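First up is the structure itself, then whatever we jot down about it.
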Amino acid sequence: MVSPGSWLCPPGWTGVVALDGAVLATVPSADLIKPVRGTLLLDIARTGIDLALLPPQLPALDVLGPATLAYLDAGDFVAAHTEGEVEGLPAGHHDVRELVASVDQQDAEESGLEEIASTAFAIREGRAVIAAAEYQAWLSMAAHLFVLTAPGHRGRGLARRVASAAAADAMENGLVPQWRARPEPSRRVARALGFREFGSQISILLGR
């Protein structure tokens with residue numbers, strides 16, 4: 001599929017999603033259809049679906065992922081105790097922006113919080129927000145979660161609590177929570193909440 005502005009990847013990139021045995025790929029221009037499709041078909045025939053094998057076989061200039069994709073069913077939800085601790089903050093709140101500014105670029109990009117304009121579910125220490133989660137609705141079906149904890153406060157279960165509040169809100173609004181993660185600690189948080197991994201996603205910036 002040719003889609004320069006695809007939600008699967010950054011603008012101008014190639015995005016590939018493998019989900020429950022199916023594969024969807026988008027490219028920014030028609031001239032990339034043949035090489036991407038050919039490489040995908042060859043890899044599937046040889047090894048099944050392993051998105052990590054794609055970049056070395058293509059003229060990749062940059063790569064994001066692969067990352068796992070996990071989804072949460074209401075019956076599997078293991079809610080964290082959040083009463084009286086997690087507060088809702090309006091979109092673009094200054095204190096959430098301060099949290100994003102306090103981490104390095106890699107953590108900020110992994111969290112995705114700086115790109116989302118939705119209610120934030122946050123935990124404070126004093127006046128500072130030390131953990132926050134937001135979500136973005138996709139296709140009126142899924143709610144993609146974004147979570148970030150300040151470096152000095154990790155390992156305390158804060159990510160699980162703010163993510164629990166965001167996931168609960170998403171399900172109350174009729175959406176299926178989605179979690180995309182590369183680091184293992186992030187995957188552990190998702191599993192603790194009841195998310196199940198069903199696929200993976202990769203974004204590739206291709207040269208011509």
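Ordered as shown in the structure tokens, chains take letters A, B, and onward, while each chain numbers its residues from 1 and ligands are numbered from 1 in the order shown.
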Contact residues around Arg191 of chain A with only C-alpha atoms at 10 Å, ignoring same-chain residues under 3 positions, as a PyMOL selection string: chain A and resi 70-72+77-78+160+179+185-188+194-197
All strand (DSSP E or B) positions in segment 13-204 of chain A, as a PyMOL selection string: chain A and resi 14-19+22-27+60-71+87-89+120-125+128-138+142-149+176-181+196-204
Helix (DSSP H, G or I) residues, from DSSP on the backbone, in segment 78-184 of chain A, as a count of residues only: 37
Near-segment 82-92 of chain A list (6 Å; only C-alpha atoms; drop same-chain fewer than 6 positions) as a list in words: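 Non-adjacent residues within range: Ala117, Ser118, Thr119, Ala120, Phe121, Ala122, Ile123 and Arg161 of chain A.
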Restrict the selected residues to N, CA and C atoms and save them as a CSV table (one decimal), in the first residue's frame.
```csv
chain,number,residue,atom,x,y,z
A,117,ALA,N,-1.8,14.7,22.2
A,117,ALA,CA,-2.6,15.7,22.8
A,117,ALA,C,-3.9,15.1,23.4
A,118,SER,N,-3.8,14.4,24.5
A,118,SER,CA,-4.9,13.8,25.1
A,118,SER,C,-4.8,14.0,26.7
A,119,THR,N,-5.8,13.6,27.4
A,119,THR,CA,-5.7,13.6,28.8
A,119,THR,C,-4.5,12.7,29.3
A,120,ALA,N,-3.8,13.2,30.2
A,120,ALA,CA,-2.6,12.5,30.8
A,120,ALA,C,-3.0,11.9,32.2
A,121,PHE,N,-2.6,10.7,32.5
A,121,PHE,CA,-2.8,10.1,33.8
A,121,PHE,C,-1.5,10.1,34.5
A,122,ALA,N,-1.4,10.9,35.6
A,122,ALA,CA,-0.1,11.2,36.1
A,122,ALA,C,0.1,10.9,37.6
A,123,ILE,N,1.3,10.7,38.0
A,123,ILE,CA,1.6,10.6,39.5
A,123,ILE,C,2.7,11.6,39.8
A,161,ARG,N,1.0,1.7,37.3
A,161,ARG,CA,-0.2,2.4,37.8
A,161,ARG,C,-0.7,3.4,36.9
```
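Near Leu24 of chain A, within 10 Å and counting only C-alpha atoms, sit A:Met1, A:Leu8, A:Gly15, A:Val16, A:Val17, A:Ala18, A:Leu19, A:Gln201, not including residues fewer than 3 positions from it in the same chain.
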Save the residues we just selected, C-alpha atoms, as an mmCIF file, in the first residue's frame?
```cif
data_model
loop_
_atom_site.group_PDB
_atom_site.id
_atom_site.type_symbol
_atom_site.label_atom_id
_atom_site.label_comp_id
_atom_site.auth_asym_id
_atom_site.auth_seq_id
_atom_site.Cartn_x
_atom_site.Cartn_y
_atom_site.Cartn_z
ATOM 1 C CA MET A 1 0.000 0.000 0.000
ATOM 2 C CA LEU A 8 2.211 2.779 10.816
ATOM 3 C CA GLY A 15 6.054 0.646 7.901
ATOM 4 C CA VAL A 16 5.488 -3.074 8.357
ATOM 5 C CA VAL A 17 3.172 -4.721 10.880
ATOM 6 C CA ALA A 18 2.931 -8.467 11.493
ATOM 7 C CA LEU A 19 -0.163 -9.334 13.492
ATOM 8 C CA GLN A 201 6.048 -3.602 14.039
#
```
Counting only C-alpha atoms, the option among A:Leu193, A:Ala142, A:Arg182, A:Ser200 closest to Gln106 of chain A: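 With only C-alpha atoms as the atom set, the closest residue is A:Arg182.
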Surrounding residues of Thr39 of chain A excluding itself and chain neighbours under 2 positions, 12 Å, only C-alpha atoms, as a list in words: Val16, Ala25, Leu32, Ile33, Lys34, Pro35, Val36, Arg37, Leu41, Leu42, Asp43, Ile44, Ala45, Arg46, Thr47, Ile49, Asp50, Leu51, Leu53, Leu54, Pro55, Pro56, Gln57, Leu58 and Pro59 of chain A
Selected residues, N, CA and C atoms, written as a CSV table (one decimal), in the first residue's frame, please.
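After the write, again-v7.csv holds the following:
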```csv
chain,number,residue,atom,x,y,z
A,16,VAL,N,5.9,-1.7,8.5
A,16,VAL,CA,5.5,-3.1,8.4
A,16,VAL,C,5.0,-3.6,9.7
A,25,ALA,N,2.1,-3.8,5.0
A,25,ALA,CA,3.2,-2.9,4.7
A,25,ALA,C,2.7,-1.7,4.0
A,32,LEU,N,8.8,1.9,-4.3
A,32,LEU,CA,9.3,1.0,-3.3
A,32,LEU,C,8.4,-0.2,-3.1
A,33,ILE,N,7.3,-0.3,-3.8
A,33,ILE,CA,6.5,-1.5,-3.6
A,33,ILE,C,7.2,-2.8,-4.0
A,34,LYS,N,7.8,-2.8,-5.1
A,34,LYS,CA,8.4,-4.1,-5.6
A,34,LYS,C,9.5,-4.6,-4.7
A,35,PRO,N,10.5,-3.7,-4.3
A,35,PRO,CA,11.6,-4.3,-3.4
A,35,PRO,C,11.1,-4.7,-2.1
A,36,VAL,N,10.1,-3.9,-1.5
A,36,VAL,CA,9.6,-4.3,-0.1
A,36,VAL,C,8.8,-5.5,-0.2
A,37,ARG,N,7.9,-5.6,-1.2
A,37,ARG,CA,7.0,-6.8,-1.3
A,37,ARG,C,7.9,-8.0,-1.6
A,41,LEU,N,8.0,-11.3,0.9
A,41,LEU,CA,7.6,-12.6,0.4
A,41,LEU,C,8.7,-13.7,0.5
A,42,LEU,N,9.9,-13.3,0.2
A,42,LEU,CA,11.0,-14.2,0.3
A,42,LEU,C,11.3,-14.6,1.7
A,43,ASP,N,11.3,-13.6,2.6
A,43,ASP,CA,11.5,-13.9,4.1
A,43,ASP,C,10.4,-14.8,4.7
A,44,ILE,N,9.2,-14.5,4.3
A,44,ILE,CA,8.1,-15.3,4.8
A,44,ILE,C,8.2,-16.8,4.3
A,45,ALA,N,8.6,-16.9,3.1
A,45,ALA,CA,8.8,-18.3,2.5
A,45,ALA,C,9.9,-19.0,3.2
A,46,ARG,N,11.0,-18.3,3.6
A,46,ARG,CA,12.2,-18.9,4.2
A,46,ARG,C,12.0,-19.2,5.7
A,47,THR,N,11.6,-18.1,6.4
A,47,THR,CA,11.7,-18.2,7.9
A,47,THR,C,10.4,-17.9,8.6
A,49,ILE,N,7.6,-15.1,9.7
A,49,ILE,CA,7.5,-13.6,9.9
A,49,ILE,C,8.5,-13.2,10.9
A,50,ASP,N,9.6,-12.6,10.5
A,50,ASP,CA,10.6,-12.1,11.4
A,50,ASP,C,11.1,-10.7,10.9
A,51,LEU,N,10.5,-9.7,11.4
A,51,LEU,CA,10.7,-8.3,10.9
A,51,LEU,C,12.1,-7.9,11.1
A,53,LEU,N,14.7,-9.3,10.2
A,53,LEU,CA,15.5,-9.7,9.0
A,53,LEU,C,15.3,-8.7,7.9
A,54,LEU,N,14.4,-7.8,7.9
A,54,LEU,CA,14.1,-6.9,6.8
A,54,LEU,C,15.2,-5.9,6.5
A,55,PRO,N,15.6,-5.1,7.5
A,55,PRO,CA,16.6,-4.0,7.2
A,55,PRO,C,17.8,-4.4,6.5
A,56,PRO,N,18.5,-5.5,6.9
A,56,PRO,CA,19.8,-5.8,6.2
A,56,PRO,C,19.6,-6.2,4.7
A,57,GLN,N,18.4,-6.5,4.3
A,57,GLN,CA,18.1,-6.8,2.9
A,57,GLN,C,17.6,-5.7,2.1
A,58,LEU,N,17.4,-4.5,2.7
A,58,LEU,CA,16.9,-3.4,2.0
A,58,LEU,C,17.9,-2.2,2.1
A,59,PRO,N,17.8,-1.2,1.3
A,59,PRO,CA,18.7,0.0,1.4
A,59,PRO,C,18.2,0.9,2.6
```
Non-local contacts of Leu148 of chain A (7 Å; only C-alpha atoms; under 3 positions in same chain excluded) as an NGL selection string: :A and (111 or 131-133 or 159)
Just to be explicit: take each residue in the selection above, keep N, CA and C atoms, and write the result as an mmCIF file, in the first residue's frame.
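And here is the file that came out, selection-v3.cif:
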```cif
data_model
loop_
_atom_site.group_PDB
_atom_site.id
_atom_site.type_symbol
_atom_site.label_atom_id
_atom_site.label_comp_id
_atom_site.auth_asym_id
_atom_site.auth_seq_id
_atom_site.Cartn_x
_atom_site.Cartn_y
_atom_site.Cartn_z
ATOM 1 N N SER A 111 8.741 6.967 24.483
ATOM 2 C CA SER A 111 7.476 7.182 25.190
ATOM 3 C C SER A 111 6.399 7.729 24.264
ATOM 4 N N ALA A 131 5.627 10.301 36.660
ATOM 5 C CA ALA A 131 5.191 9.236 35.752
ATOM 6 C C ALA A 131 3.894 9.676 35.096
ATOM 7 N N ALA A 132 3.743 9.335 33.823
ATOM 8 C CA ALA A 132 2.533 9.731 33.108
ATOM 9 C C ALA A 132 2.236 8.738 31.996
ATOM 10 N N ALA A 133 0.954 8.611 31.676
ATOM 11 C CA ALA A 133 0.504 7.771 30.562
ATOM 12 C C ALA A 133 -0.612 8.499 29.827
ATOM 13 N N ALA A 159 4.967 3.107 36.408
ATOM 14 C CA ALA A 159 4.496 2.951 35.025
ATOM 15 C C ALA A 159 3.267 2.065 34.978
#
```
Counting only C-alpha atoms, the residue of A:Gly48, A:Ala167, A:Pro10, A:Asp107 that sits nearest Val23 of chain A: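 Answer, going by the shortest atom-to-atom distance: A:Gly48.
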Point-to-point distance in Å for atom CA of Pro66 of chain A and atom CA of Trp13 of chain A: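 Atom CA of Pro66 of chain A lies at a distance of 14.0 Å from atom CA of Trp13 of chain A.
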Which of A:Val147, A:Leu139, A:Ala74, A:Leu205 sits closest to Met171 of chain A [using only C-alpha atoms]: A:Ala74
For Ile130 of chain A, list every protein, DNA or RNA residue within 10 Å, evaluated using only C-alpha atoms, and leave out those in the same chain fewer than 6 positions away; present the list as a tab-separated table (two decimals) with C-alpha atoms, in the first residue's frame.
```tsv
chain	number	residue	atom	x	y	z
A	95	ASP	CA	4.06	19.40	34.12
A	96	VAL	CA	3.89	16.51	31.65
A	98	GLU	CA	8.52	19.00	32.03
A	99	LEU	CA	8.67	15.23	32.60
A	100	VAL	CA	9.41	14.64	28.90
A	102	SER	CA	13.79	15.69	31.91
A	122	ALA	CA	-0.05	11.21	36.13
A	123	ILE	CA	1.63	10.58	39.47
A	124	ARG	CA	3.41	13.39	41.28
A	148	LEU	CA	7.00	7.48	30.72
A	149	THR	CA	8.59	7.41	34.19
A	150	ALA	CA	11.34	9.77	35.34
A	151	PRO	CA	14.70	7.92	35.44
A	152	GLY	CA	15.24	8.35	39.17
A	153	HIS	CA	11.86	6.81	39.99
A	154	ARG	CA	11.85	3.66	37.89
A	158	LEU	CA	4.73	3.78	38.73
A	159	ALA	CA	4.50	2.95	35.03
```
Which residue of A:Val2, A:Leu69, A:Ile202, A:Ala30 approaches Ala181 of chain A most closely, using only C-alpha atoms: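 Counting only C-alpha atoms, the residue closest to Ala181 of chain A is A:Leu69.
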